[in-house]
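What follows is a set of notes on a single structure, which appears directly below.
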Protein chains: 2
Amino acid sequence: MEIRRLSILGVGLLGGSLGLAVKHAVKDVSVAGYGHRTATLEKALERKAIDEVFSDPAAAVKGADFVVLCTPVGAFEDLLTKIAPSLSPGTIVTDVGSTKRTVVGAARRALPKGVHFVGSHPMAGSEKRGIEFATRDLFHGSMCILTPTEETDLIALNIVDHLWSMVGMKTTKLSPADHDRLLALVSHLPHATAAAVMRAQDERGIPLAGNGFKDVTRIAAGDAGLWRDIFLDNADYLCRAIAEARGEMDALTALLEKRDSAGIEAWLADAAKRRASVSPKAG
Amino acid sequence: MEIRRLSILGVGLLGGSLGLAVKHAVKDVSVAGYGHRTATLEKALERKAIDEVFSDPAAAVKGADFVVLCTPVGAFEDLLTKIAPSLSPGTIVTDVGSTKRTVVGAARRALPKGVHFVGSHPMAGSEKRGIEFATRDLFHGSMCILTPTEETDLIALNIVDHLWSMVGMKTTKLSPADHDRLLALVSHLPHATAAAVMRAQDERGIPLAGNGFKDVTRIAAGDAGLWRDIFLDNADYLCRAIAEARGEMDALTALLEKRDSAGIEAWLADAAKRRASVSPKAG
């Protein structure tokens with residue numbers, strides 16, 4: 001299947017980059033963009049990330065064979081309810097959300113029969129925001145997680161897989177729950193600990209911060225509203241991930257209080273060994 | 001005062017880099033190097049980081065007007081005891097340790113009258129180890145914390161300050177206790193949390209790790225023996241710093257359990273605001 005009309009709901013960094021990438025890869029595709037801020041839509045149009053602007057999401061999806069939700073995750077349910085009556089049978093809907101159980105459940109409830117939803121989490125570009133930073137190679141070389149369920153249409157799954165592969169991503173598949181559990185550990189927990197370390201500081205120590213501190217806390221500068229949505233949406237698994245990390249810190253505290261030299265070294269060496277197995281930083 | 005004979009005890013990354021930097025900055029200085037591994041000493045000699053090799057620290061400090069302890073912090077007390085009888089009056093002794101109360105106390109007990117100790121913590125190059133990575137500009141542009149006490153000789157303090165300035169460092173002064181308390185927060189806590197986040201992972205999630213995860217956990221790959229020494233030596237303040245971070249995580253958990261949207265956003269926004277005040281990554 002060739003995409004002829006793509007509708008991008010939310011034209012920030014991810015939506016704008018997707019428009020640029022798809023327009024580069026697919027000849028004669030037309031891209032409709034919805035956003036709630038006129039200035040953003042105009043910028044996306046000016047940058048040729050989209051071809052037409054819409055201030056109403058239902059109008060933006062009319063005639064589309066492919067719809068991608070690119071707003072923050074907190075807006076997905078409302079958006080799905082609004083677009084549902086305007087979607088044609090056979091339309092494929094996906095999203096770029098960092099959490100997956102909620103959007104998959106909301107799509108099941110909101111979308112009519114014959115419209116196929118497949119959850120996607122393209123893991124690209126989390127630090128900067130906005131159409132200004134959109135580039136057509138944002139997705140290149142990064143991982144995209146697809147989250148099919150037993151009800152997912154297999155043809156639609158393959159087409160969504162094809163979309164992300166086409167813009168340069170490596171794809172993998174997980175259930176929505178496995179996605180949210182693993183991402184709580186590998187993404188949301190690091191964000192929470194970076195912020196906690198930052199909040200724990202005494203201001204007098206900040207001028208003494210070295211590169212280690214800067215690396216550990218860098219992501220704490222991320223957009224609070226965006227991460228609030230992610231944290232809220234994955235609150236249960238995030239609480240469990242925080243409890244895991246807290247258990248590790250408590251174990252270290254116990255070793256420190258006993259001045260257990262061998263135990264502290266073993267605790268650190270295990271972390272160092274695990275870290276060595278992580279592949280180097282991507283692009 | 002011009003340094004004529006510098007004795008470097010421990011010729012790894014920091015000791016080797018100091019030898020290279022001082023030999024570059026000071027004409028006709030002679031540098032004695034002590035280490036417990038012959039291969040390391042020979043490599044330091046070959047790289048011209050030192051001019052003479054010694055397998056006995058007491059012999060390495062004979063005739064030196066300046067002595068710098070560059071071994072891991074766990075070896076300092078033993079080293080000070082061994083060199084004390086061989087130091088001439090007027091000799092200045094400093095160190096490069098990441099913790100300061102212990103070495104300052106050990107120097108007070110071990111060193112004879114007329115030998116002046118000033119604690120230093122040059123904050124440079126913590127990730128790589130070994131003479132192979134030594135460079136004469138390792139210290140350039142980084143911060144060095146000097147930790148004088150009421151007993152510190154002011155002329156000696158100025159000379160030590162001059163040494164680190166000469167190799168390109170910005171210096172600042174803190175009491176040994178303030179140093180250890182602030183460094184527990186700004187350096188040892190980030191290392192502990194990086195390791196805890198790494199240890200908390202499910203292996204299935206590691207292939208999904210993005211750049212955020214990689215930044216947060218990077219320093220967890222650091223040498224376990226080196227960090228064990230630092231953690232042990234600063235165990236009391238590190239336990240307090242961990243308790244601070246744990247308090248922050250507990251507060252976040254409580255907000256998540258209540259699904260307190262505004263509270264979560266405020267918790268994150270405070271961290272983001274504080275992180276924005278941290279200067280960008282140094283060299």
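Naming scheme: A, B, ... for chains in displayed order of the structure tokens; residues 1 onward per chain; ligands 1 onward as shown.
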Self-check item: Non-local contacts of region 256-269 of chain B (7 Å; only C-alpha atoms; under 5 positions in same chain excluded) as a ChimeraX atom specification
Solution: /A:195,224-225,228,232,235
Exercise. Identify, with DSSP run on backbone atoms, the residues in region 50-266 of chain B assigned to strand (DSSP E or B), and express the list as a PyMOL selection string.
Key: chain B and resi 52-54+66-69+92-95+116-117+119-122+143-147+170-173
Quiz item: So, counting only C-alpha atoms, which residue among A:Asn234, A:Ser187, A:Ser55, A:Ser120 is closest to chain B?
Solution: A:Ser187
For Val216 (chain B): contacts at 8 Å, only C-alpha atoms, fewer than 3 positions along chain excluded, given as a PDB file with C-alpha atoms, in the first residue's frame:
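As a result, around18.pdb now contains:
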```
ATOM      1  CA  PRO A 190      15.768   7.596  34.459  1.00  0.00           C
ATOM      2  CA  ALA A 194      17.497  12.695  37.024  1.00  0.00           C
ATOM      3  CA  ASP A 215      25.096  13.638  32.129  1.00  0.00           C
ATOM      4  CA  VAL A 216      22.975  12.224  34.949  1.00  0.00           C
ATOM      5  CA  THR A 217      20.718  15.289  35.203  1.00  0.00           C
ATOM      6  CA  ARG A 218      20.540  16.399  31.538  1.00  0.00           C
ATOM      7  CA  ILE A 219      17.078  14.956  30.827  1.00  0.00           C
TER       8      ILE A 219
ATOM      9  CA  ALA B 194      23.235   5.924  37.874  1.00  0.00           C
ATOM     10  CA  GLY B 212      18.307   9.680  27.918  1.00  0.00           C
ATOM     11  CA  PHE B 213      18.955   6.307  29.535  1.00  0.00           C
ATOM     12  CA  ILE B 219      29.001   7.012  34.831  1.00  0.00           C
TER      13      ILE B 219
END
```
Quiz item: Using the chain letters and numbers from this document, which residues of region 1-114 of chain A does DSSP assign to helix (DSSP H, G or I), as a ChimeraX atom specification?
Solution: /A:13-25,38-46,57-60,73-86,101-110
Quiz item: Excluding same-chain residues fewer than 4 positions from region 271-278 of chain B, what lies within 6 Å of it counting only C-alpha atoms, as a PyMOL selection string?
Solution: chain A and resi 195+198-199+220-221
Exercise. Extract, using only C-alpha atoms, all DNA, RNA and protein residues at most 6 Å from region 162-177 of chain A, discarding same-chain residues fewer than 5 positions from it, and format them as a list in words.
Key: Ala21, Lys100, Arg101, Phe139, His140, Gly141, Ser142, Met143, Cys144, Ile145, Leu146 and Thr147 of chain A
Write out, as an mmCIF file, in the first residue's frame, the residues just selected, with N, CA and C atoms.
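This is the output file result-v2.cif:
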```cif
data_model
loop_
_atom_site.group_PDB
_atom_site.id
_atom_site.type_symbol
_atom_site.label_atom_id
_atom_site.label_comp_id
_atom_site.auth_asym_id
_atom_site.auth_seq_id
_atom_site.Cartn_x
_atom_site.Cartn_y
_atom_site.Cartn_z
ATOM 1 N N ALA A 21 9.755 13.690 6.528
ATOM 2 C CA ALA A 21 10.317 12.392 6.136
ATOM 3 C C ALA A 21 9.425 11.680 5.127
ATOM 4 N N LYS A 100 1.549 3.216 26.068
ATOM 5 C CA LYS A 100 0.756 2.521 25.055
ATOM 6 C C LYS A 100 -0.549 1.891 25.535
ATOM 7 N N ARG A 101 -0.677 1.498 26.795
ATOM 8 C CA ARG A 101 -1.921 0.840 27.206
ATOM 9 C C ARG A 101 -3.122 1.767 27.033
ATOM 10 N N PHE A 139 14.111 10.379 12.664
ATOM 11 C CA PHE A 139 13.817 8.994 13.052
ATOM 12 C C PHE A 139 14.925 8.018 12.672
ATOM 13 N N HIS A 140 15.821 8.508 11.811
ATOM 14 C CA HIS A 140 16.811 7.629 11.201
ATOM 15 C C HIS A 140 17.691 6.907 12.227
ATOM 16 N N GLY A 141 17.700 5.582 12.159
ATOM 17 C CA GLY A 141 18.578 4.785 13.011
ATOM 18 C C GLY A 141 18.040 4.511 14.398
ATOM 19 N N SER A 142 16.906 5.122 14.771
ATOM 20 C CA SER A 142 16.342 4.870 16.094
ATOM 21 C C SER A 142 15.332 3.730 16.037
ATOM 22 N N MET A 143 14.899 3.321 17.222
ATOM 23 C CA MET A 143 14.002 2.176 17.375
ATOM 24 C C MET A 143 12.559 2.659 17.446
ATOM 25 N N CYS A 144 11.661 1.916 16.793
ATOM 26 C CA CYS A 144 10.226 2.165 16.942
ATOM 27 C C CYS A 144 9.571 0.895 17.475
ATOM 28 N N ILE A 145 8.840 1.034 18.574
ATOM 29 C CA ILE A 145 8.150 -0.124 19.149
ATOM 30 C C ILE A 145 6.691 -0.109 18.693
ATOM 31 N N LEU A 146 6.257 -1.193 18.061
ATOM 32 C CA LEU A 146 4.850 -1.359 17.686
ATOM 33 C C LEU A 146 4.191 -2.219 18.761
ATOM 34 N N THR A 147 2.933 -1.870 19.103
ATOM 35 C CA THR A 147 2.284 -2.599 20.193
ATOM 36 C C THR A 147 0.958 -3.218 19.760
#
```
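Residue nearest chain A within the list B:Asp137, B:Thr152, B:Val93, B:Pro122: B:Pro122 [criterion: smallest interatomic distance, only C-alpha atoms].
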Quiz item: Which residue out of B:Val115, B:Ala59, B:Ala200, B:Ile3 has the minimum interatomic distance to chain A when only C-alpha atoms are used?
Solution: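 Comparing B:Val115, B:Ala59, B:Ala200, B:Ile3 against chain A, the winner is B:Ala200.
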Self-check item: Nearby residues (only C-alpha atoms) at most 9 Å from Val11 (chain A), same-chain spacing under 3 positions excluded, as a PyMOL selection string
Solution: chain A and resi 8+14-19+33-35+40-41+44+49-50+70-71+130-131
Quiz item: Using only C-alpha atoms, which of A:Asp56, A:Asp223, A:Asp180, A:Glu150 sits nearest Gly97 (chain A)?
Solution: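 Going through A:Asp56, A:Asp223, A:Asp180, A:Glu150 one by one, the smallest distance to Gly97 (chain A) is for A:Asp180.
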Quiz item: Nearest to chain B among A:Pro148, A:Gly114, A:Gly90, A:Gly74, with distances taken over only C-alpha atoms: which residue is it?
Solution: A:Gly74
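CA of Glu2 (chain A) is found 12.1 Å from CA of Ala64 (chain A).
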Self-check item: Near-Pro112 (chain A) list (10 Å; only C-alpha atoms; drop same-chain fewer than 3 positions) as a PyMOL selection string
Solution: chain A and resi 84-89+107-109+115-116
Restricting the output to all heavy atoms, write the selected residues as an mmCIF file, in the first residue's frame.
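Okay, this is what ended up in again_25.cif:
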```
data_model
loop_
_atom_site.group_PDB
_atom_site.id
_atom_site.type_symbol
_atom_site.label_atom_id
_atom_site.label_comp_id
_atom_site.auth_asym_id
_atom_site.auth_seq_id
_atom_site.Cartn_x
_atom_site.Cartn_y
_atom_site.Cartn_z
ATOM 1 N N ALA A 84 -13.235 10.111 15.176
ATOM 2 C CA ALA A 84 -13.889 8.828 14.853
ATOM 3 C C ALA A 84 -14.977 8.944 13.774
ATOM 4 O O ALA A 84 -14.956 8.171 12.804
ATOM 5 C CB ALA A 84 -14.440 8.183 16.130
ATOM 6 N N PRO A 85 -15.909 9.910 13.893
ATOM 7 C CA PRO A 85 -16.990 9.958 12.889
ATOM 8 C C PRO A 85 -16.511 10.326 11.490
ATOM 9 O O PRO A 85 -17.233 10.095 10.517
ATOM 10 C CB PRO A 85 -17.921 11.061 13.427
ATOM 11 C CG PRO A 85 -17.525 11.264 14.849
ATOM 12 C CD PRO A 85 -16.083 10.929 14.934
ATOM 13 N N SER A 86 -15.311 10.906 11.361
ATOM 14 C CA SER A 86 -14.855 11.377 10.049
ATOM 15 C C SER A 86 -13.919 10.398 9.350
ATOM 16 O O SER A 86 -13.450 10.673 8.246
ATOM 17 C CB SER A 86 -14.125 12.718 10.200
ATOM 18 O OG SER A 86 -14.966 13.646 10.844
ATOM 19 N N LEU A 87 -13.609 9.278 9.990
ATOM 20 C CA LEU A 87 -12.668 8.327 9.388
ATOM 21 C C LEU A 87 -13.386 7.389 8.433
ATOM 22 O O LEU A 87 -14.471 6.899 8.732
ATOM 23 C CB LEU A 87 -11.985 7.501 10.488
ATOM 24 C CG LEU A 87 -11.074 8.280 11.453
ATOM 25 C CD1 LEU A 87 -10.732 7.417 12.672
ATOM 26 C CD2 LEU A 87 -9.801 8.738 10.743
ATOM 27 N N SER A 88 -12.769 7.120 7.274
ATOM 28 C CA SER A 88 -13.348 6.185 6.306
ATOM 29 C C SER A 88 -12.934 4.760 6.682
ATOM 30 O O SER A 88 -11.846 4.549 7.210
ATOM 31 C CB SER A 88 -12.813 6.480 4.903
ATOM 32 O OG SER A 88 -12.830 7.857 4.651
ATOM 33 N N PRO A 89 -13.767 3.775 6.353
ATOM 34 C CA PRO A 89 -13.377 2.376 6.581
ATOM 35 C C PRO A 89 -12.063 2.082 5.858
ATOM 36 O O PRO A 89 -11.837 2.612 4.761
ATOM 37 C CB PRO A 89 -14.524 1.567 5.971
ATOM 38 C CG PRO A 89 -15.678 2.501 5.916
ATOM 39 C CD PRO A 89 -15.102 3.877 5.733
ATOM 40 N N ALA A 107 -8.408 3.768 21.652
ATOM 41 C CA ALA A 107 -8.686 3.541 20.230
ATOM 42 C C ALA A 107 -9.709 2.425 20.075
ATOM 43 O O ALA A 107 -10.618 2.516 19.235
ATOM 44 C CB ALA A 107 -7.390 3.189 19.487
ATOM 45 N N ARG A 108 -9.583 1.368 20.885
ATOM 46 C CA ARG A 108 -10.542 0.260 20.801
ATOM 47 C C ARG A 108 -11.958 0.768 21.087
ATOM 48 O O ARG A 108 -12.911 0.399 20.415
ATOM 49 C CB ARG A 108 -10.161 -0.836 21.791
ATOM 50 C CG ARG A 108 -11.030 -2.101 21.630
ATOM 51 C CD ARG A 108 -10.862 -3.066 22.803
ATOM 52 N NE ARG A 108 -9.516 -3.591 22.895
ATOM 53 C CZ ARG A 108 -8.745 -3.495 23.979
ATOM 54 N NH1 ARG A 108 -9.190 -2.879 25.065
ATOM 55 N NH2 ARG A 108 -7.547 -4.012 23.989
ATOM 56 N N ARG A 109 -12.062 1.644 22.088
ATOM 57 C CA ARG A 109 -13.386 2.162 22.449
ATOM 58 C C ARG A 109 -13.911 3.179 21.433
ATOM 59 O O ARG A 109 -15.093 3.191 21.101
ATOM 60 C CB ARG A 109 -13.339 2.826 23.831
ATOM 61 C CG ARG A 109 -13.207 1.849 24.992
ATOM 62 C CD ARG A 109 -13.369 2.560 26.329
ATOM 63 N NE ARG A 109 -12.369 3.614 26.525
ATOM 64 C CZ ARG A 109 -11.143 3.394 26.981
ATOM 65 N NH1 ARG A 109 -10.741 2.168 27.287
ATOM 66 N NH2 ARG A 109 -10.293 4.387 27.139
ATOM 67 N N VAL A 115 -11.888 0.628 10.895
ATOM 68 C CA VAL A 115 -10.736 1.539 11.029
ATOM 69 C C VAL A 115 -9.718 0.807 11.899
ATOM 70 O O VAL A 115 -10.065 0.280 12.951
ATOM 71 C CB VAL A 115 -11.146 2.876 11.687
ATOM 72 C CG1 VAL A 115 -9.923 3.703 12.058
ATOM 73 C CG2 VAL A 115 -12.054 3.673 10.747
ATOM 74 N N HIS A 116 -8.478 0.729 11.426
ATOM 75 C CA HIS A 116 -7.487 -0.113 12.102
ATOM 76 C C HIS A 116 -6.486 0.717 12.903
ATOM 77 O O HIS A 116 -5.777 1.542 12.333
ATOM 78 C CB HIS A 116 -6.727 -0.951 11.075
ATOM 79 C CG HIS A 116 -7.636 -1.779 10.231
ATOM 80 N ND1 HIS A 116 -8.447 -2.768 10.752
ATOM 81 C CD2 HIS A 116 -7.886 -1.750 8.896
ATOM 82 C CE1 HIS A 116 -9.152 -3.317 9.796
ATOM 83 N NE2 HIS A 116 -8.839 -2.712 8.645
#
```
Quiz item: Suppose you want the space between CA of Arg47 (chain A) and CA of Gly125 (chain A); what is it in Å?
Solution: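 Going from CA of Arg47 (chain A) over to CA of Gly125 (chain A), I get 18.3 Å.
Nearest-residue note for Glu244 (chain A): choosing from A:Ala32, A:Thr102, A:Thr193, A:Ile155, the minimum distance belongs to A:Thr193, counting only C-alpha atoms.
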Quiz item: What is the distance, in Å and to one decimal place, between CA of His121 (chain A) and CA of Pro280 (chain B)?
Solution: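 Atom-to-atom, CA of His121 (chain A) to CA of Pro280 (chain B), that is 29.6 Å.
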